[in-house]
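Asker: Structure below; questions to follow.
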Amino acid sequence: MNWINRFAELGPGYSTKVLPSPVPQAFWVSRNFELSETLGLPPAWLMGDEGLAVFSGNGAWEGMAPSASVYSGHQFGQWAGQLGDGRALSLGEYQSPSRTIEIQLKGAGKTPFSRMGDGRAVLRSSIREFLCSEAMAGLGIPSTRALCLTSSPLKVLREELETAAIVTRTAPSFIRFGHFEHFANNVGSEGFQALKNLADFTRQNFLQTNDEFSDNPYANMLHTVTVKTADLVAQWQAVGFCHGVMNTDNMSILGLTIDYGPFQFLDGFNPLHICNHSDHQGRYAYNRQPQVAYWNLFCLAQALMPLIEDQDLAMRALEDYKSRYADAWLSKFLNKLGLPFPADSSSRASDLGLLNELLDILAKEQVDFTIFWRRLSHAVSERAAEHASWQHVSELFLDQSAWKSWQLKYVQRLALMDHLISQQTMLLANPKYVLRNHLAEAAIQKSKLGDHSEVETLFKLLKSPFDEQPEFDHYANLPPAWAADIEISCSS
Ligand code: AMP
Ligand code: MG
């Protein structure tokens, strides 16, 4: 039998068996054959009617035991109590010849944790999740993955009637910070054991590392998650990605990007940018995400305290976030400039100064983030600042004197480097293509009319975001004016 569900086997307190709710006349919107092959899944799954039935909630394969898990969490800084898989359900873990992978349906109907919701997801948000999961993978950023996207004429009510859709997503595990918060909040004699079982299950199966905290397995686990989360957020920042709902229930214990609702790749570089229309306070603004991740890790640490027992040790594991994040961020952004990680503190200070000066200019003018870095990558191979490729960068700035003065310093700094290496580093650090809101929106509008070709185009394009793909040049252009009016909120 190829199906197991180790999470469900932890016991009835962790999840509830639940069958997907069928939808009428299901159809494929898009299929990720490459991921299927990478994961070693049976090719037939994405080919025939059987697979379509399973991935739209209309059928099951032998051995599957679908379940929805319970978790809690902090939403927008407040304790929200019990949440849980309200519209996601796990089909179980599939054991392919190469690995064990959990497979979830998102939007397959009500579960015991749906509360007031209908358990459904709409086509618009499902297309965004499907495409962005794979765009992130293309960028080399840890993420849950998307195996396929199905839909149905079934209508669901949001602000208006919309088409239902189901994303099939995969990950080694979908355990969130909120799972630990849930059991920590219910710690009594039984709750403690439940928390411990969950932590043991998680670290033994998914987070095996040895570090200076190894004497205390739970501090070790906290530290491992801290490091993974710091690295993840640094990677988000470096490509201008904002997660619009960084609640603790949307934080993967494996450091994966998870739960794509309101998210955005920055167009113009505005560090204060808020990508979630429902986030009135700007809690999840681009420049606050690193701190929010730390705050979320603090919640996780609190949840793990009954297991760690030693507060100083927990704080040390957590505190490592600051230097780990700072280093990961600096490393990523210096790579964007074609520079290596500084060897000593004085070169660190001077390279950091150069970088921060640039970021200030970019922010002041809200220069297009992706275009700037990509053009700069093309310019660095030219030493002469008058060269056309440098002109393409210069023309992005109104304040020419600020730009020229920075450029001069940068060119001097670059002169100490091997230009070819710098250029190669930059072309692999600065993507040409990202899933801008307006690109997703265009695909959504077409799909709503039954034409899924644009989903397919973006899906293929974003798999290789660092490749030139000249036939798709126009997908790397500045966003149209209407892009600024796109509003993405939690309602999806
Ligand atoms: P999110 O903001 O998408 O992370 O969702 C927060 C919580 O609300 C999670 O427990 C979700 O499962 C649940 N939820 C969101 N949308 C729905 C829906 N349409 N039906 C049922 N539960 C939902
Ligand atoms: Mg969520």
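FYI, nothing fancy with the structure tokens labels: chains A, B, ... in order, residues from 1 per chain, ligands from 1 as they appear.
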How would you report the residues lying within 6 Å of ligand 1, as a ChimeraX atom specification, if you count only C-alpha atoms and all ligand atoms?
Answerer: /A:83-87,114,117-121,250,490
Asker: May I have the residues from that selection written out with N, CA, C and O atoms, as an mmCIF file, in the first residue's frame?
Answerer:
data_model
loop_
_atom_site.group_PDB
_atom_site.id
_atom_site.type_symbol
_atom_site.label_atom_id
_atom_site.label_comp_id
_atom_site.auth_asym_id
_atom_site.auth_seq_id
_atom_site.Cartn_x
_atom_site.Cartn_y
_atom_site.Cartn_z
ATOM 1 N N LEU A 83 -8.437 27.235 14.991
ATOM 2 C CA LEU A 83 -8.701 27.467 13.563
ATOM 3 C C LEU A 83 -8.799 26.090 12.900
ATOM 4 O O LEU A 83 -9.805 25.442 12.996
ATOM 5 N N GLY A 84 -7.721 25.654 12.307
ATOM 6 C CA GLY A 84 -7.706 24.301 11.715
ATOM 7 C C GLY A 84 -7.909 24.342 10.213
ATOM 8 O O GLY A 84 -8.168 25.385 9.617
ATOM 9 N N ASP A 85 -7.759 23.157 9.607
ATOM 10 C CA ASP A 85 -7.922 23.038 8.148
ATOM 11 C C ASP A 85 -9.389 23.227 7.784
ATOM 12 O O ASP A 85 -10.150 22.273 7.718
ATOM 13 N N GLY A 86 -9.766 24.469 7.533
ATOM 14 C CA GLY A 86 -11.166 24.764 7.242
ATOM 15 C C GLY A 86 -11.533 24.472 5.800
ATOM 16 O O GLY A 86 -12.692 24.246 5.464
ATOM 17 N N ARG A 87 -10.548 24.546 4.948
ATOM 18 C CA ARG A 87 -10.836 24.229 3.541
ATOM 19 C C ARG A 87 -9.686 23.480 2.889
ATOM 20 O O ARG A 87 -9.586 23.414 1.668
ATOM 21 N N SER A 114 -14.286 24.209 9.559
ATOM 22 C CA SER A 114 -14.657 25.262 8.602
ATOM 23 C C SER A 114 -15.308 26.467 9.275
ATOM 24 O O SER A 114 -15.444 27.516 8.651
ATOM 25 N N GLY A 117 -17.164 29.174 7.353
ATOM 26 C CA GLY A 117 -16.794 29.143 5.932
ATOM 27 C C GLY A 117 -17.425 27.985 5.177
ATOM 28 O O GLY A 117 -17.993 27.061 5.764
ATOM 29 N N ASP A 118 -17.317 28.033 3.872
ATOM 30 C CA ASP A 118 -17.938 27.000 3.035
ATOM 31 C C ASP A 118 -16.944 25.908 2.623
ATOM 32 O O ASP A 118 -17.303 24.989 1.886
ATOM 33 N N GLY A 119 -15.702 26.060 3.063
ATOM 34 C CA GLY A 119 -14.708 25.040 2.731
ATOM 35 C C GLY A 119 -14.222 25.094 1.291
ATOM 36 O O GLY A 119 -13.482 24.225 0.844
ATOM 37 N N ARG A 120 -14.642 26.115 0.576
ATOM 38 C CA ARG A 120 -14.282 26.224 -0.846
ATOM 39 C C ARG A 120 -13.244 27.317 -1.077
ATOM 40 O O ARG A 120 -13.043 28.196 -0.241
ATOM 41 N N ALA A 121 -12.604 27.240 -2.210
ATOM 42 C CA ALA A 121 -11.697 28.293 -2.659
ATOM 43 C C ALA A 121 -12.156 28.717 -4.048
ATOM 44 O O ALA A 121 -12.728 27.908 -4.784
ATOM 45 N N ASN A 250 -0.188 30.576 9.452
ATOM 46 C CA ASN A 250 0.279 30.514 8.065
ATOM 47 C C ASN A 250 1.803 30.414 7.997
ATOM 48 O O ASN A 250 2.402 30.756 6.981
ATOM 49 N N CYS A 490 -8.257 39.099 2.088
ATOM 50 C CA CYS A 490 -8.286 37.742 2.633
ATOM 51 C C CYS A 490 -9.415 36.900 2.049
ATOM 52 O O CYS A 490 -9.373 35.681 2.103
#
Asker: Apply DSSP to the backbone of this structure and, from segment 368-402 of chain A, keep only the residues in helix (DSSP H, G or I); write these as number ranges by chain.
Answerer: A: 369-379, 388-394, 400-402
Asker: Output C-alpha atoms of each residue in that selection to a file, as a compact mmCIF listing (two decimals), in the first residue's frame.
Answerer:
# COMPACT_ATOMS: atom_id res chain seq x y z
CA PHE A 369 12.33 46.60 -8.02
CA THR A 370 12.59 43.72 -10.48
CA ILE A 371 13.45 45.82 -13.51
CA PHE A 372 16.12 47.81 -11.70
CA TRP A 373 18.04 44.78 -10.50
CA ARG A 374 17.78 42.96 -13.80
CA ARG A 375 18.99 45.97 -15.77
CA LEU A 376 21.82 46.47 -13.31
CA SER A 377 22.80 42.84 -13.84
CA HIS A 378 23.11 43.46 -17.55
CA ALA A 379 25.03 46.69 -17.04
CA ALA A 388 23.87 51.86 -23.36
CA SER A 389 23.22 49.14 -20.80
CA TRP A 390 24.05 51.61 -18.01
CA GLN A 391 21.79 54.17 -19.65
CA HIS A 392 18.96 51.69 -19.29
CA VAL A 393 19.52 51.72 -15.56
CA SER A 394 20.03 55.48 -15.29
CA GLN A 400 20.11 61.78 -11.67
CA SER A 401 22.63 63.29 -9.30
CA ALA A 402 21.78 60.87 -6.47
Asker: In Å, how far is it from atom CA of Ala26 of chain A to atom CA of Trp45 of chain A?
Answerer: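 These two atoms are separated by 14.9 Å.
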Asker: Can you write out as CSV which residues of chain A fall within 12 Å of ligand 2, alongside each residue's closest atom pair and its distance in Å to one decimal, counting only C-alpha atoms and all ligand atoms and ordering rows by chain and ascending residue number?
Answerer:
residue,atom,partner,partner_atom_place_in_ligand_line,distance
A:Val70,CA,ligand 2,1 (Mg),11.9
A:Tyr71,CA,ligand 2,1 (Mg),10.2
A:Ser72,CA,ligand 2,1 (Mg),10.4
A:Gly73,CA,ligand 2,1 (Mg),9.8
A:His74,CA,ligand 2,1 (Mg),11.2
A:Gln75,CA,ligand 2,1 (Mg),9.9
A:Leu83,CA,ligand 2,1 (Mg),8.9
A:Gly84,CA,ligand 2,1 (Mg),8.5
A:Asp85,CA,ligand 2,1 (Mg),8.0
A:Gly86,CA,ligand 2,1 (Mg),8.7
A:Arg87,CA,ligand 2,1 (Mg),9.1
A:Ala88,CA,ligand 2,1 (Mg),9.1
A:Lys106,CA,ligand 2,1 (Mg),10.4
A:Gly107,CA,ligand 2,1 (Mg),11.9
A:Phe113,CA,ligand 2,1 (Mg),12.0
A:Ser114,CA,ligand 2,1 (Mg),11.7
A:Ala121,CA,ligand 2,1 (Mg),11.8
A:Glu129,CA,ligand 2,1 (Mg),11.9
A:Phe174,CA,ligand 2,1 (Mg),10.6
A:Ile175,CA,ligand 2,1 (Mg),11.3
A:Arg176,CA,ligand 2,1 (Mg),9.3
A:Phe177,CA,ligand 2,1 (Mg),11.2
A:Gly178,CA,ligand 2,1 (Mg),9.9
A:His179,CA,ligand 2,1 (Mg),11.8
A:His243,CA,ligand 2,1 (Mg),11.4
A:Gly244,CA,ligand 2,1 (Mg),10.8
A:Val245,CA,ligand 2,1 (Mg),8.0
A:Met246,CA,ligand 2,1 (Mg),9.0
A:Asn247,CA,ligand 2,1 (Mg),7.9
A:Thr248,CA,ligand 2,1 (Mg),8.9
A:Asp249,CA,ligand 2,1 (Mg),5.9
A:Asn250,CA,ligand 2,1 (Mg),4.8
A:Met251,CA,ligand 2,1 (Mg),8.5
A:Ser252,CA,ligand 2,1 (Mg),10.1
A:Thr257,CA,ligand 2,1 (Mg),11.2
A:Ile258,CA,ligand 2,1 (Mg),7.8
A:Asp259,CA,ligand 2,1 (Mg),5.2
A:Tyr260,CA,ligand 2,1 (Mg),8.1
A:Gly261,CA,ligand 2,1 (Mg),8.1
A:Pro262,CA,ligand 2,1 (Mg),10.8
A:Cys490,CA,ligand 2,1 (Mg),9.7
A:Ser491,CA,ligand 2,1 (Mg),11.5
A:Ser492,CA,ligand 2,1 (Mg),10.9
Asker: Restricting it to C-alpha atoms, dump the selection as a tab-separated table (two decimals), in the first residue's frame.
Answerer:
chain	number	residue	atom	x	y	z
A	70	VAL	CA	-6.65	21.10	14.05
A	71	TYR	CA	-4.46	24.09	14.81
A	72	SER	CA	-4.82	27.48	16.46
A	73	GLY	CA	-2.90	30.67	16.00
A	74	HIS	CA	-2.33	34.37	16.34
A	75	GLN	CA	-4.01	36.39	13.63
A	83	LEU	CA	-8.70	27.47	13.56
A	84	GLY	CA	-7.71	24.30	11.71
A	85	ASP	CA	-7.92	23.04	8.15
A	86	GLY	CA	-11.17	24.76	7.24
A	87	ARG	CA	-10.84	24.23	3.54
A	88	ALA	CA	-7.76	22.08	3.22
A	106	LYS	CA	-7.40	23.05	-0.85
A	107	GLY	CA	-11.00	24.02	-1.44
A	113	PHE	CA	-12.84	23.22	11.22
A	114	SER	CA	-14.66	25.26	8.60
A	121	ALA	CA	-11.70	28.29	-2.66
A	129	GLU	CA	-1.67	29.88	-5.31
A	174	PHE	CA	1.93	21.02	6.31
A	175	ILE	CA	2.51	21.42	10.06
A	176	ARG	CA	2.34	25.07	11.10
A	177	PHE	CA	3.47	27.08	14.13
A	178	GLY	CA	-0.23	27.13	15.01
A	179	HIS	CA	-0.31	23.37	15.51
A	243	HIS	CA	3.23	37.49	2.26
A	244	GLY	CA	-0.01	39.25	3.01
A	245	VAL	CA	-1.17	37.16	6.00
A	246	MET	CA	1.82	36.25	8.13
A	247	ASN	CA	-0.33	34.92	10.95
A	248	THR	CA	1.20	32.12	13.01
A	249	ASP	CA	-1.22	29.65	11.45
A	250	ASN	CA	0.28	30.51	8.07
A	251	MET	CA	3.86	29.80	9.15
A	252	SER	CA	5.25	26.44	8.09
A	257	THR	CA	6.17	29.60	1.99
A	258	ILE	CA	2.62	28.46	2.65
A	259	ASP	CA	-0.95	29.72	2.15
A	260	TYR	CA	-0.90	32.06	-0.77
A	261	GLY	CA	-3.79	34.44	-0.34
A	262	PRO	CA	-2.95	38.09	-0.54
A	490	CYS	CA	-8.29	37.74	2.63
A	491	SER	CA	-11.63	36.81	1.09
A	492	SER	CA	-10.76	34.01	-1.29
Asker: Just checking: using only C-alpha atoms, which residue out of A:Ser69, A:Gln235, A:Asn5, A:Ser125 ends up closest to Phe263 of chain A?
Answerer: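 Answer, going by the shortest atom-to-atom distance: A:Ser125.
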Asker: Just the residues within 8 Å of segment 362-366 of chain A, please, counting only C-alpha atoms, with nothing from its chain fewer than 4 positions along; format it as a PDB file with C-alpha atoms, in the first residue's frame.
Answerer:
ATOM      1  CA  GLY A 268       7.917  49.951  -7.387  1.00  0.00           C
ATOM      2  CA  PHE A 269      10.220  49.623  -4.375  1.00  0.00           C
ATOM      3  CA  ASN A 270       8.115  50.911  -1.514  1.00  0.00           C
ATOM      4  CA  PRO A 271       9.300  49.336   1.731  1.00  0.00           C
ATOM      5  CA  LEU A 358      21.029  52.395  -2.972  1.00  0.00           C
ATOM      6  CA  PHE A 397      15.813  57.570 -11.948  1.00  0.00           C
ATOM      7  CA  LEU A 398      14.491  61.094 -11.811  1.00  0.00           C
TER       8      LEU A 398
END
Asker: Name the residues in contact with segment 453-464 of chain A at a cut-off of 6 Å, using only C-alpha atoms, excluding same-chain residues fewer than 5 positions from it; report them as a list of chain:residue names.
Answerer: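 That gives A:Leu131, A:Ala135, A:Gly138, A:Ala443.
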Asker: Next, write the just-selected residues to a file, as a PDB file, in the first residue's frame, keeping C-alpha atoms as the atom set.
Answerer:
ATOM      1  CA  LEU A 131       1.193  29.867 -10.053  1.00  0.00           C
ATOM      2  CA  ALA A 135       7.088  30.702  -9.261  1.00  0.00           C
ATOM      3  CA  GLY A 138      11.518  28.567  -9.840  1.00  0.00           C
ATOM      4  CA  ALA A 443      -4.570  34.987 -16.439  1.00  0.00           C
TER       5      ALA A 443
END
Asker: Between A:Leu304, A:Leu355, A:Val411, A:Ile101, which one has atoms that come closest to Trp3 of chain A, using only C-alpha atoms?
Answerer: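 Nearest to Trp3 of chain A: A:Ile101.
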Asker: A:Ala301, A:Leu105, A:Leu337, A:Ile444: which is nearest Ala171 of chain A, counting only C-alpha atoms?
Answerer: A:Leu105
Asker: Write out as a CSV table (one decimal) with N, CA, C and O atoms, in the first residue's frame all residues of segment 227-458 of chain A that DSSP puts in strand (DSSP E or B) for this structure's backbone.
Answerer:
chain,number,residue,atom,x,y,z
A,241,PHE,N,9.2,39.9,-2.4
A,241,PHE,CA,7.9,39.2,-2.2
A,241,PHE,C,7.4,39.6,-0.8
A,241,PHE,O,8.1,39.6,0.2
A,242,CYS,N,6.1,39.9,-0.8
A,242,CYS,CA,5.4,40.1,0.5
A,242,CYS,C,4.3,39.0,0.7
A,242,CYS,O,3.5,38.8,-0.2
A,243,HIS,N,4.3,38.4,1.9
A,243,HIS,CA,3.2,37.5,2.3
A,243,HIS,C,2.2,38.3,3.0
A,243,HIS,O,2.5,39.0,4.0
A,252,SER,N,4.9,27.9,8.2
A,252,SER,CA,5.3,26.4,8.1
A,252,SER,C,6.4,26.1,9.1
A,252,SER,O,7.4,26.9,9.1
A,257,THR,N,7.2,28.6,2.3
A,257,THR,CA,6.2,29.6,2.0
A,257,THR,C,4.9,28.8,1.9
A,257,THR,O,4.8,27.8,1.2
A,263,PHE,N,-0.8,38.1,-1.6
A,263,PHE,CA,0.7,38.2,-1.6
A,263,PHE,C,1.0,39.1,-2.7
A,263,PHE,O,0.2,39.3,-3.6
A,264,GLN,N,2.2,39.6,-2.8
A,264,GLN,CA,2.6,40.4,-3.9
A,264,GLN,C,4.1,40.5,-4.1
A,264,GLN,O,4.8,40.5,-3.1
A,265,PHE,N,4.5,40.5,-5.3
A,265,PHE,CA,5.9,40.9,-5.6
A,265,PHE,C,5.8,42.4,-5.9
A,265,PHE,O,4.9,42.8,-6.6
A,268,GLY,N,7.0,48.9,-7.8
A,268,GLY,CA,7.9,50.0,-7.4
A,268,GLY,C,8.4,49.6,-6.0
A,268,GLY,O,7.7,49.0,-5.2
A,368,ASP,N,11.1,50.6,-10.0
A,368,ASP,CA,10.6,49.2,-10.2
A,368,ASP,C,11.7,48.2,-9.7
A,368,ASP,O,12.8,48.2,-10.2
Asker: Rounded to one decimal, what separation in Å do you get between atom CA of Gln82 of chain A and atom CA of His277 of chain A?
Answerer: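 We find that atom CA of Gln82 of chain A and atom CA of His277 of chain A lie 24.1 Å from each other.
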Asker: Could you check the closest approach to Tyr321 of chain A for each of A:Ser173, A:Asn356, A:Asn296, A:Ser346 and tell me which residue wins, using only C-alpha atoms?
Answerer: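 Of A:Ser173, A:Asn356, A:Asn296, A:Ser346, the one nearest Tyr321 of chain A, counting only C-alpha atoms, is A:Asn296.
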Asker: Using only C-alpha atoms, determine which residues lie at most 9 Å from Cys148 of chain A, disregarding the query and same-chain residues fewer than 4 positions distant; provide the list as a ChimeraX atom specification.
Answerer: /A:28-33,46,55,130,166-169
Asker: Atom CA of Ser152 of chain A and atom CA of Gly48 of chain A are how many Å apart?
Answerer: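 Answer for the atom CA of Ser152 of chain A to atom CA of Gly48 of chain A separation: 16.5 Å.
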Asker: Which residues come within 12 Å of Glu357 of chain A, counting only C-alpha atoms, excluding same-chain residues fewer than 3 positions away, as number ranges by chain?
Answerer: A: 350-354, 360-364, 402-403, 405-407, 409-410
